[in-house]
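Listing of data.txt; format and content: compact mmCIF, C-alpha atoms.
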```
# COMPACT_ATOMS: atom_id res chain seq x y z
CA MET A 5 -0.38 18.12 15.12
CA SER A 6 1.41 17.83 11.79
CA CYS A 7 0.18 19.27 8.50
CA SER A 8 -0.29 15.73 7.24
CA ASP A 9 -2.69 14.82 10.03
CA PRO A 10 -5.93 13.85 8.24
CA PHE A 11 -7.97 15.12 11.18
CA GLN A 12 -6.32 18.54 11.37
CA HIS A 13 -8.73 21.44 11.37
CA THR A 14 -8.58 25.07 12.39
CA GLN A 15 -12.11 25.79 13.55
CA LEU A 16 -15.32 24.43 14.93
CA LEU A 17 -17.64 22.53 12.62
CA ASN A 18 -21.12 23.66 13.62
CA ILE A 19 -24.04 21.70 12.14
CA ALA A 20 -27.76 22.09 12.85
CA SER A 21 -30.91 20.30 11.72
CA TRP A 22 -34.39 21.79 12.05
CA ASN A 23 -37.89 20.94 10.91
CA ILE A 24 -39.14 24.49 10.29
CA ARG A 25 -42.82 23.47 10.07
CA TYR A 26 -44.79 24.09 6.93
CA ALA A 27 -46.72 27.34 6.44
CA PRO A 28 -50.41 26.50 5.86
CA GLU A 29 -51.08 30.00 4.52
CA LEU A 30 -48.61 29.34 1.68
CA VAL A 31 -50.17 26.00 0.81
CA THR A 32 -53.88 26.75 0.55
CA ASN A 33 -55.91 29.93 0.28
CA ASP A 34 -58.58 28.75 2.74
CA ALA A 35 -56.20 27.79 5.56
CA PRO A 36 -57.25 29.00 9.04
CA LYS A 37 -55.49 32.16 10.15
CA GLU A 38 -52.19 31.34 11.82
CA SER A 39 -51.52 32.80 15.28
CA PHE A 40 -47.84 32.91 14.32
CA PRO A 41 -47.72 33.40 10.54
CA TRP A 42 -44.74 32.39 8.46
CA SER A 43 -43.82 36.03 7.79
CA SER A 44 -43.14 36.45 11.54
CA ARG A 45 -41.66 33.01 12.13
CA VAL A 46 -39.06 33.32 9.38
CA LEU A 47 -37.74 36.59 10.83
CA GLY A 48 -37.44 34.95 14.25
CA MET A 49 -35.66 31.98 12.69
CA GLY A 50 -33.21 34.26 10.94
CA LYS A 51 -32.38 36.04 14.19
CA MET A 52 -31.95 32.80 16.12
CA LEU A 53 -29.83 31.13 13.44
CA ALA A 54 -27.57 34.16 13.05
CA GLU A 55 -26.61 33.84 16.70
CA LEU A 56 -25.48 30.22 16.23
CA ASP A 57 -22.77 30.96 13.63
CA LEU A 58 -23.53 27.76 11.71
CA THR A 59 -21.34 26.06 9.15
CA ILE A 60 -24.16 23.88 7.82
CA LEU A 61 -27.93 24.03 8.34
CA ALA A 62 -30.28 21.21 7.31
CA THR A 63 -34.00 21.98 7.19
CA GLN A 64 -37.11 19.86 6.68
CA GLU A 65 -40.76 20.59 5.84
CA GLY A 66 -40.32 23.81 3.87
CA ASN A 67 -41.76 24.47 0.42
CA LYS A 68 -40.06 26.59 -2.24
CA GLN A 69 -41.45 29.89 -0.96
CA GLN A 70 -40.50 29.18 2.64
CA LEU A 71 -36.99 28.10 1.71
CA SER A 72 -36.48 31.15 -0.51
CA ASP A 73 -37.68 33.41 2.32
CA LEU A 74 -35.36 31.70 4.81
CA ASP A 75 -32.45 31.97 2.38
CA GLU A 76 -32.94 35.74 2.26
CA THR A 77 -32.81 36.04 6.05
CA LEU A 78 -29.49 34.17 6.35
CA PRO A 79 -26.73 36.42 4.99
CA ASN A 80 -23.96 34.02 6.01
CA LEU A 81 -25.61 30.89 4.60
CA GLU A 82 -26.66 29.94 1.08
CA MET A 83 -29.11 27.25 0.00
CA ILE A 84 -27.81 24.38 -2.12
CA ASP A 85 -30.43 24.16 -4.86
CA THR A 86 -28.69 24.43 -8.25
CA HIS A 87 -29.47 20.76 -8.87
CA ARG A 88 -33.13 21.04 -7.90
CA VAL A 89 -36.30 20.58 -9.95
CA TRP A 90 -38.86 22.33 -7.79
CA SER A 91 -42.42 21.12 -7.27
CA THR A 92 -45.16 22.01 -4.80
CA THR A 93 -44.00 19.49 -2.20
CA PHE A 94 -41.82 20.05 0.88
CA PHE A 95 -38.07 19.79 0.33
CA PRO A 96 -35.36 18.89 2.85
CA SER A 97 -32.60 21.40 2.12
CA PHE A 98 -29.06 22.38 3.04
CA PHE A 99 -27.80 25.91 3.69
CA VAL A 100 -24.03 26.31 3.97
CA ASN A 101 -21.48 28.98 4.79
CA THR A 102 -19.94 29.36 1.34
CA GLU A 103 -16.80 30.94 2.77
CA LEU A 104 -16.07 27.64 4.48
CA VAL A 105 -17.95 25.00 2.47
CA SER A 106 -17.33 24.15 -1.20
CA VAL A 107 -19.98 22.02 -2.90
CA VAL A 108 -18.54 19.30 -5.14
CA ALA A 109 -21.86 17.68 -6.11
CA SER A 110 -25.46 17.62 -4.89
CA GLY A 111 -28.84 16.11 -5.68
CA ASP A 112 -32.31 15.05 -4.58
CA LEU A 113 -33.62 11.49 -4.36
CA TRP A 114 -37.15 10.30 -3.62
CA LEU A 115 -38.00 7.46 -1.25
CA SER A 116 -39.80 5.45 -3.91
CA ASN A 117 -39.10 2.71 -6.42
CA GLN A 118 -38.11 5.48 -8.85
CA PRO A 119 -35.82 7.69 -6.75
CA GLU A 120 -34.87 9.97 -9.65
CA VAL A 121 -38.49 10.84 -10.47
CA VAL A 122 -39.64 14.08 -8.84
CA ASP A 123 -42.57 13.61 -6.44
CA SER A 124 -42.62 9.83 -6.87
CA LYS A 125 -43.78 7.90 -3.82
CA LEU A 126 -44.62 4.47 -2.50
CA PRO A 127 -48.25 3.28 -2.52
CA SER A 128 -48.05 3.22 1.29
CA SER A 129 -46.93 6.85 1.51
CA ALA A 130 -49.49 9.58 2.07
CA TRP A 131 -47.26 12.05 0.23
CA PRO A 132 -43.82 12.07 -1.41
CA ARG A 133 -40.86 11.63 0.92
CA MET A 134 -37.29 12.42 -0.10
CA LEU A 135 -33.69 13.11 0.81
CA THR A 136 -31.27 15.74 -0.39
CA TRP A 137 -27.52 15.19 -0.42
CA ALA A 138 -24.34 17.17 -0.96
CA LEU A 139 -20.69 16.18 -1.26
CA VAL A 140 -18.65 19.01 0.20
CA GLU A 141 -15.19 20.11 1.22
CA ILE A 142 -14.93 22.13 4.43
CA GLU A 143 -12.14 24.61 5.04
CA GLY A 144 -9.92 23.47 7.87
CA HIS A 145 -11.33 19.93 7.80
CA ASN A 146 -9.50 17.54 5.52
CA GLY A 147 -11.30 15.12 3.23
CA ARG A 148 -14.71 15.18 1.63
CA TRP A 149 -17.93 15.07 3.63
CA LEU A 150 -21.15 13.50 2.40
CA LEU A 151 -24.15 15.30 3.87
CA ILE A 152 -27.57 13.60 3.72
CA ASN A 153 -30.78 15.24 4.93
CA VAL A 154 -34.03 13.26 4.99
CA HIS A 155 -37.66 13.61 6.02
CA LEU A 156 -39.46 10.30 6.11
CA ASP A 157 -41.99 8.17 7.93
CA GLY A 158 -39.56 6.24 10.07
CA THR A 159 -42.13 3.63 11.03
CA ASP A 160 -42.69 2.79 7.32
CA ILE A 161 -40.06 0.08 6.98
CA GLU A 162 -40.26 0.14 3.18
CA GLN A 163 -39.22 3.80 3.24
CA VAL A 164 -36.42 2.94 5.69
CA GLU A 165 -35.20 0.16 3.40
CA ILE A 166 -35.12 2.56 0.44
CA LEU A 167 -33.27 5.13 2.57
CA HIS A 168 -30.79 2.40 3.48
CA ARG A 169 -30.14 1.56 -0.19
CA LEU A 170 -29.85 5.21 -1.20
CA VAL A 171 -27.48 6.14 1.65
CA PHE A 172 -25.11 3.28 0.98
CA GLY A 173 -25.39 3.83 -2.77
CA LEU A 174 -24.24 7.43 -2.28
CA VAL A 175 -21.41 6.31 -0.01
CA LYS A 176 -20.26 3.74 -2.58
CA THR A 177 -20.44 6.23 -5.46
CA HIS A 178 -18.73 9.17 -3.78
CA THR A 179 -16.43 7.41 -1.26
CA PRO A 180 -16.54 10.26 1.26
CA THR A 181 -14.08 10.58 4.12
CA TYR A 182 -16.98 11.09 6.55
CA THR A 183 -20.76 10.99 6.26
CA ILE A 184 -23.42 12.88 8.19
CA LEU A 185 -27.06 11.76 8.12
CA CYS A 186 -29.63 14.08 9.65
CA GLY A 187 -33.29 14.95 9.44
CA ASP A 188 -36.78 14.28 10.75
CA PHE A 189 -37.30 10.53 10.94
CA ASN A 190 -40.75 10.58 12.56
CA ALA A 191 -39.49 7.74 14.73
CA SER A 192 -37.72 7.81 18.07
CA LEU A 193 -34.02 7.12 18.13
CA ALA A 194 -34.54 5.74 21.61
CA SER A 195 -36.98 3.10 20.39
CA GLU A 196 -35.95 -0.51 20.17
CA THR A 197 -35.54 -0.98 16.43
CA THR A 198 -34.97 -4.53 15.27
CA ASP A 199 -35.39 -4.14 11.52
CA PRO A 200 -32.15 -5.02 9.62
CA ALA A 201 -32.23 -1.73 7.69
CA TYR A 202 -32.10 0.24 10.93
CA ARG A 203 -29.46 -2.03 12.45
CA SER A 204 -27.27 -1.57 9.40
CA LEU A 205 -27.63 2.21 9.50
CA PHE A 206 -26.85 2.29 13.21
CA SER A 207 -23.76 0.14 12.74
CA TYR A 208 -22.43 2.60 10.16
CA PHE A 209 -23.42 5.75 12.03
CA GLN A 210 -22.79 6.88 15.59
CA LYS A 211 -26.07 7.63 17.32
CA TYR A 212 -25.95 11.04 18.95
CA LYS A 213 -29.09 11.86 20.89
CA GLN A 214 -29.01 15.64 20.94
CA GLN A 215 -32.21 16.45 22.78
CA VAL A 216 -35.86 15.56 22.54
CA THR A 217 -37.84 17.53 20.04
CA TYR A 218 -40.75 19.67 21.07
CA ASN A 219 -43.47 18.04 19.06
CA GLY A 220 -47.07 18.56 20.06
CA HIS A 221 -48.26 15.64 17.94
CA GLY A 222 -45.87 13.31 19.71
CA LYS A 223 -46.95 14.47 23.14
CA ALA A 224 -50.60 13.97 22.27
CA GLN A 225 -49.93 10.42 21.12
CA SER A 226 -47.53 9.19 23.77
CA GLY A 227 -47.48 11.72 26.57
CA LYS A 228 -43.75 12.09 25.95
CA ASP A 229 -41.38 14.21 23.95
CA TRP A 230 -40.07 12.43 20.87
CA ASP A 231 -36.42 12.38 19.90
CA ILE A 232 -37.41 12.08 16.24
CA ASP A 233 -34.94 14.65 14.91
CA TRP A 234 -31.49 13.11 14.52
CA ILE A 235 -27.95 14.04 13.57
CA LEU A 236 -25.80 10.96 13.01
CA THR A 237 -22.13 10.78 12.03
CA SER A 238 -20.30 7.92 10.37
CA SER A 239 -18.54 5.70 12.88
CA ASN A 240 -15.13 6.44 11.36
CA LEU A 241 -15.26 10.02 12.62
CA PRO A 242 -11.98 10.23 14.57
CA LEU A 243 -11.90 10.21 18.33
CA SER A 244 -10.15 13.59 18.21
CA TYR A 245 -13.59 15.02 17.53
CA GLN A 246 -16.06 15.43 20.34
CA LEU A 247 -19.75 16.15 20.64
CA ARG A 248 -20.78 19.36 22.32
CA ARG A 249 -24.42 19.62 23.19
CA SER A 250 -26.29 22.86 22.92
CA GLU A 251 -29.81 23.56 24.10
CA HIS A 252 -31.68 25.82 21.72
CA SER A 253 -35.44 25.64 21.92
CA ALA A 254 -37.67 26.42 18.99
CA LEU A 255 -39.87 28.26 21.48
CA GLN A 256 -38.40 31.58 22.53
CA ASP A 257 -40.29 34.88 22.63
CA LEU A 258 -41.93 33.82 19.39
CA TYR A 259 -43.28 30.42 18.34
CA LEU A 260 -41.00 29.38 15.50
CA SER A 261 -41.72 25.69 14.88
CA ASP A 262 -43.20 22.59 16.51
CA HIS A 263 -39.71 21.05 16.52
CA ASP A 264 -36.56 21.99 18.38
CA LEU A 265 -33.43 22.75 16.45
CA VAL A 266 -30.76 20.13 17.13
CA ARG A 267 -27.11 21.06 16.83
CA LEU A 268 -23.83 19.20 16.64
CA GLU A 269 -20.51 20.92 17.23
CA LEU A 270 -17.42 18.98 16.21
CA ALA A 271 -14.12 20.12 17.69
CA ALA A 272 -10.78 18.57 18.40
CA SER A 273 -10.17 17.27 21.91
CA ARG A 274 -7.36 19.13 23.61
```
Would you give me this structure, written as structure tokens?
Amino acid sequence: MSCSDPFQHTQLLNIASWNIRYAPELVTNDAPKESFPWSSRVLGMGKMLAELDLTILATQEGNKQQLSDLDETLPNLEMIDTHRVWSTTFFPSFFVNTELVSVVASGDLWLSNQPEVVDSKLPSSAWPRMLTWALVEIEGHNGRWLLINVHLDGTDIEQVEILHRLVFGLVKTHTPTYTILCGDFNASLASETTDPAYRSLFSYFQKYKQQVTYNGHGKAQSGKDWDIDWILTSSNLPLSYQLRRSEHSALQDLYLSDHDLVRLELAASR
């Protein structure tokens, strides 16, 4: 492999996405006592994540306090938040290994008719939904990577249409070499989706079904696990990369979240 090979890289690219579940005790003073409080869960998360040796971690459903706590438990990862105007809502966030990942630009956008306005939402939305994005360079992996992390109501087609516009707007503005879209979509990747916004996203991204998420709400509704947590890569990702599945449950000795962590390892085929 020559030095000019655009796909040359020297190490594994290890990406994870995880809905860490909100902490009721940090949201309201009269919340019922949690059997597994956030103070215990975050320590378990830190231990589990340290074992994975991640390059990039995307999280959903954490508020400022939770994300700050998690940041402190991850010595090898640092939250991307210098762009952020914090509010009381839940923020999708990225944590990156700063020895390997250099952030070129980053931002937050809201799934509303005013994406730049903090906490803006659609009339149909029960609460604000948003995405966070980062344009990065990764040591050993040529080019620039656009990372997008979203938490939305995937059955709300208006939100999906806004996500579609925002994703392709970011791609047009930043012209990344590769794009990764991940998050909690609250909709099954396995479902038959006929809406044009979904079809367009799926034609741009490769659909990798990592594993079903452990989601009690989903089981109660459908009797099935939901694969609502996705990691998608742009279809131009070279064939010299391959997907390696890893099974890491959010339920170990300690309840950590009501979602499984999903992980994507990208490595060159030998």
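Once all atoms listed in the file are considered, the residues situated within 9 Å of the file point (-37.2, 34.6, 6.5) turn out to be A:Trp42, A:Ser43, A:Ser44, A:Arg45, A:Val46, A:Leu47, A:Gly48, A:Met49, A:Gly50, A:Gln70, A:Leu71, A:Ser72, A:Asp73, A:Leu74, A:Asp75, A:Glu76, A:Thr77, A:Leu78.
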With C-alpha atoms retained, could you export that selection as a short mmCIF file (atom, residue, chain, number, x, y, z; two decimals), in the frame of the given file?
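And here is the file that came out, again-v8.cif:
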```cif
data_model
loop_
_atom_site.label_atom_id
_atom_site.label_comp_id
_atom_site.auth_asym_id
_atom_site.auth_seq_id
_atom_site.Cartn_x
_atom_site.Cartn_y
_atom_site.Cartn_z
CA TRP A 42 -44.74 32.39 8.46
CA SER A 43 -43.82 36.03 7.79
CA SER A 44 -43.14 36.45 11.54
CA ARG A 45 -41.66 33.01 12.13
CA VAL A 46 -39.06 33.32 9.38
CA LEU A 47 -37.74 36.59 10.83
CA GLY A 48 -37.44 34.95 14.25
CA MET A 49 -35.66 31.98 12.69
CA GLY A 50 -33.21 34.26 10.94
CA GLN A 70 -40.50 29.18 2.64
CA LEU A 71 -36.99 28.10 1.71
CA SER A 72 -36.48 31.15 -0.51
CA ASP A 73 -37.68 33.41 2.32
CA LEU A 74 -35.36 31.70 4.81
CA ASP A 75 -32.45 31.97 2.38
CA GLU A 76 -32.94 35.74 2.26
CA THR A 77 -32.81 36.04 6.05
CA LEU A 78 -29.49 34.17 6.35
#
```
List as JSON lines every residue of range 115-156 of chain A that is in contact with range 104-110 of chain A, defined as an atom at most 12 Å from one of its atoms (using only C-alpha atoms), together with the nearest atom pair and the distance in Å rounded to one decimal, sorted by chain and then rising number.
```
{"residue": "A:Leu135", "atom": "CA", "partner": "A:Ser110", "partner_atom": "CA", "distance": 11.0}
{"residue": "A:Thr136", "atom": "CA", "partner": "A:Ser110", "partner_atom": "CA", "distance": 7.6}
{"residue": "A:Trp137", "atom": "CA", "partner": "A:Ser110", "partner_atom": "CA", "distance": 5.5}
{"residue": "A:Ala138", "atom": "CA", "partner": "A:Ser110", "partner_atom": "CA", "distance": 4.1}
{"residue": "A:Leu139", "atom": "CA", "partner": "A:Ala109", "partner_atom": "CA", "distance": 5.2}
{"residue": "A:Val140", "atom": "CA", "partner": "A:Val107", "partner_atom": "CA", "distance": 4.5}
{"residue": "A:Glu141", "atom": "CA", "partner": "A:Ser106", "partner_atom": "CA", "distance": 5.2}
{"residue": "A:Ile142", "atom": "CA", "partner": "A:Val105", "partner_atom": "CA", "distance": 4.6}
{"residue": "A:Glu143", "atom": "CA", "partner": "A:Leu104", "partner_atom": "CA", "distance": 5.0}
{"residue": "A:Gly144", "atom": "CA", "partner": "A:Leu104", "partner_atom": "CA", "distance": 8.2}
{"residue": "A:His145", "atom": "CA", "partner": "A:Leu104", "partner_atom": "CA", "distance": 9.6}
{"residue": "A:Asn146", "atom": "CA", "partner": "A:Val105", "partner_atom": "CA", "distance": 11.7}
{"residue": "A:Gly147", "atom": "CA", "partner": "A:Ser106", "partner_atom": "CA", "distance": 11.7}
{"residue": "A:Arg148", "atom": "CA", "partner": "A:Val108", "partner_atom": "CA", "distance": 8.8}
{"residue": "A:Trp149", "atom": "CA", "partner": "A:Val107", "partner_atom": "CA", "distance": 9.8}
{"residue": "A:Leu150", "atom": "CA", "partner": "A:Ser110", "partner_atom": "CA", "distance": 9.4}
{"residue": "A:Leu151", "atom": "CA", "partner": "A:Ser110", "partner_atom": "CA", "distance": 9.2}
{"residue": "A:Ile152", "atom": "CA", "partner": "A:Ser110", "partner_atom": "CA", "distance": 9.7}
{"residue": "A:Asn153", "atom": "CA", "partner": "A:Ser110", "partner_atom": "CA", "distance": 11.4}
```
**Study point:** Option closest in space to Gln163 in chain A, from A:Ser128, A:Ser192, A:Thr177, A:Asn240 [counting all atoms listed in the file]
**Key:**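 Checking each of A:Ser128, A:Ser192, A:Thr177, A:Asn240 against Gln163 in chain A, counting all atoms listed in the file, the winner is A:Ser128.
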Identify, on the basis of all atoms listed in the file, every residue whose closest approach to Asp123 in chain A does not exceed 8 Å; exclude the query and any residue fewer than 4 positions from it along the same chain; express the result as a PDB file with C-alpha atoms, in the coordinates of the input.
```
ATOM      1  CA  SER A  91     -42.420  21.120  -7.270  1.00  0.00           C
ATOM      2  CA  THR A  93     -44.000  19.490  -2.200  1.00  0.00           C
ATOM      3  CA  TRP A 114     -37.150  10.300  -3.620  1.00  0.00           C
ATOM      4  CA  PRO A 132     -43.820  12.070  -1.410  1.00  0.00           C
ATOM      5  CA  ARG A 133     -40.860  11.630   0.920  1.00  0.00           C
TER       6      ARG A 133
END
```
Practice item. Using all atoms listed in the file, give me every residue within 6 Å of (-16.5, 20.2, 15.5) in file coordinates, as a list of chain:residue names. Key: A:Leu16, A:Leu17, A:Glu269, A:Leu270, A:Ala271
Please output range 27-41 of chain A, rebuilt to include N, CA, C and O atoms, as a PDB file, in the coordinates of the input.
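Output contents, as saved in selection06.pdb:
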```
ATOM      1  N   ALA A  27     -45.898  26.139   6.266  1.00  0.00           N
ATOM      2  CA  ALA A  27     -46.720  27.340   6.440  1.00  0.00           C
ATOM      3  C   ALA A  27     -48.051  27.106   5.741  1.00  0.00           C
ATOM      4  O   ALA A  27     -48.139  27.201   4.514  1.00  0.00           O
ATOM      5  N   PRO A  28     -49.120  26.791   6.485  1.00  0.00           N
ATOM      6  CA  PRO A  28     -50.410  26.500   5.860  1.00  0.00           C
ATOM      7  C   PRO A  28     -50.889  27.620   4.941  1.00  0.00           C
ATOM      8  O   PRO A  28     -51.487  27.361   3.893  1.00  0.00           O
ATOM      9  N   GLU A  29     -50.609  28.873   5.317  1.00  0.00           N
ATOM     10  CA  GLU A  29     -51.080  30.000   4.520  1.00  0.00           C
ATOM     11  C   GLU A  29     -50.414  30.099   3.160  1.00  0.00           C
ATOM     12  O   GLU A  29     -50.909  30.787   2.265  1.00  0.00           O
ATOM     13  N   LEU A  30     -49.282  29.369   2.985  1.00  0.00           N
ATOM     14  CA  LEU A  30     -48.610  29.340   1.680  1.00  0.00           C
ATOM     15  C   LEU A  30     -49.009  28.129   0.861  1.00  0.00           C
ATOM     16  O   LEU A  30     -48.595  27.993  -0.282  1.00  0.00           O
ATOM     17  N   VAL A  31     -49.793  27.243   1.480  1.00  0.00           N
ATOM     18  CA  VAL A  31     -50.170  26.000   0.810  1.00  0.00           C
ATOM     19  C   VAL A  31     -51.586  26.079   0.245  1.00  0.00           C
ATOM     20  O   VAL A  31     -51.855  25.603  -0.864  1.00  0.00           O
ATOM     21  N   THR A  32     -52.490  26.672   0.996  1.00  0.00           N
ATOM     22  CA  THR A  32     -53.880  26.750   0.550  1.00  0.00           C
ATOM     23  C   THR A  32     -54.480  28.096   0.914  1.00  0.00           C
ATOM     24  O   THR A  32     -54.153  28.674   1.962  1.00  0.00           O
ATOM     25  N   ASN A  33     -55.323  28.616   0.068  1.00  0.00           N
ATOM     26  CA  ASN A  33     -55.910  29.930   0.280  1.00  0.00           C
ATOM     27  C   ASN A  33     -56.948  29.950   1.404  1.00  0.00           C
ATOM     28  O   ASN A  33     -57.246  31.006   1.965  1.00  0.00           O
ATOM     29  N   ASP A  34     -57.530  28.783   1.718  1.00  0.00           N
ATOM     30  CA  ASP A  34     -58.580  28.750   2.740  1.00  0.00           C
ATOM     31  C   ASP A  34     -58.068  28.198   4.074  1.00  0.00           C
ATOM     32  O   ASP A  34     -58.857  27.729   4.900  1.00  0.00           O
ATOM     33  N   ALA A  35     -56.747  28.255   4.300  1.00  0.00           N
ATOM     34  CA  ALA A  35     -56.200  27.790   5.560  1.00  0.00           C
ATOM     35  C   ALA A  35     -56.633  28.706   6.698  1.00  0.00           C
ATOM     36  O   ALA A  35     -56.744  29.924   6.513  1.00  0.00           O
ATOM     37  N   PRO A  36     -56.912  28.158   7.890  1.00  0.00           N
ATOM     38  CA  PRO A  36     -57.250  29.000   9.040  1.00  0.00           C
ATOM     39  C   PRO A  36     -56.128  29.990   9.324  1.00  0.00           C
ATOM     40  O   PRO A  36     -54.957  29.711   9.078  1.00  0.00           O
ATOM     41  N   LYS A  37     -56.480  31.133   9.859  1.00  0.00           N
ATOM     42  CA  LYS A  37     -55.490  32.160  10.150  1.00  0.00           C
ATOM     43  C   LYS A  37     -54.505  31.641  11.187  1.00  0.00           C
ATOM     44  O   LYS A  37     -54.883  31.098  12.226  1.00  0.00           O
ATOM     45  N   GLU A  38     -53.235  31.810  10.920  1.00  0.00           N
ATOM     46  CA  GLU A  38     -52.190  31.340  11.820  1.00  0.00           C
ATOM     47  C   GLU A  38     -51.936  32.372  12.928  1.00  0.00           C
ATOM     48  O   GLU A  38     -51.796  33.571  12.652  1.00  0.00           O
ATOM     49  N   SER A  39     -51.857  31.907  14.168  1.00  0.00           N
ATOM     50  CA  SER A  39     -51.520  32.800  15.280  1.00  0.00           C
ATOM     51  C   SER A  39     -50.102  33.338  15.135  1.00  0.00           C
ATOM     52  O   SER A  39     -49.816  34.476  15.517  1.00  0.00           O
ATOM     53  N   PHE A  40     -49.218  32.502  14.582  1.00  0.00           N
ATOM     54  CA  PHE A  40     -47.840  32.910  14.320  1.00  0.00           C
ATOM     55  C   PHE A  40     -47.555  32.648  12.845  1.00  0.00           C
ATOM     56  O   PHE A  40     -47.086  31.573  12.467  1.00  0.00           O
ATOM     57  N   PRO A  41     -47.865  33.614  11.976  1.00  0.00           N
ATOM     58  CA  PRO A  41     -47.720  33.400  10.540  1.00  0.00           C
ATOM     59  C   PRO A  41     -46.256  33.238  10.129  1.00  0.00           C
ATOM     60  O   PRO A  41     -45.336  33.656  10.847  1.00  0.00           O
TER      61      PRO A  41
END
```
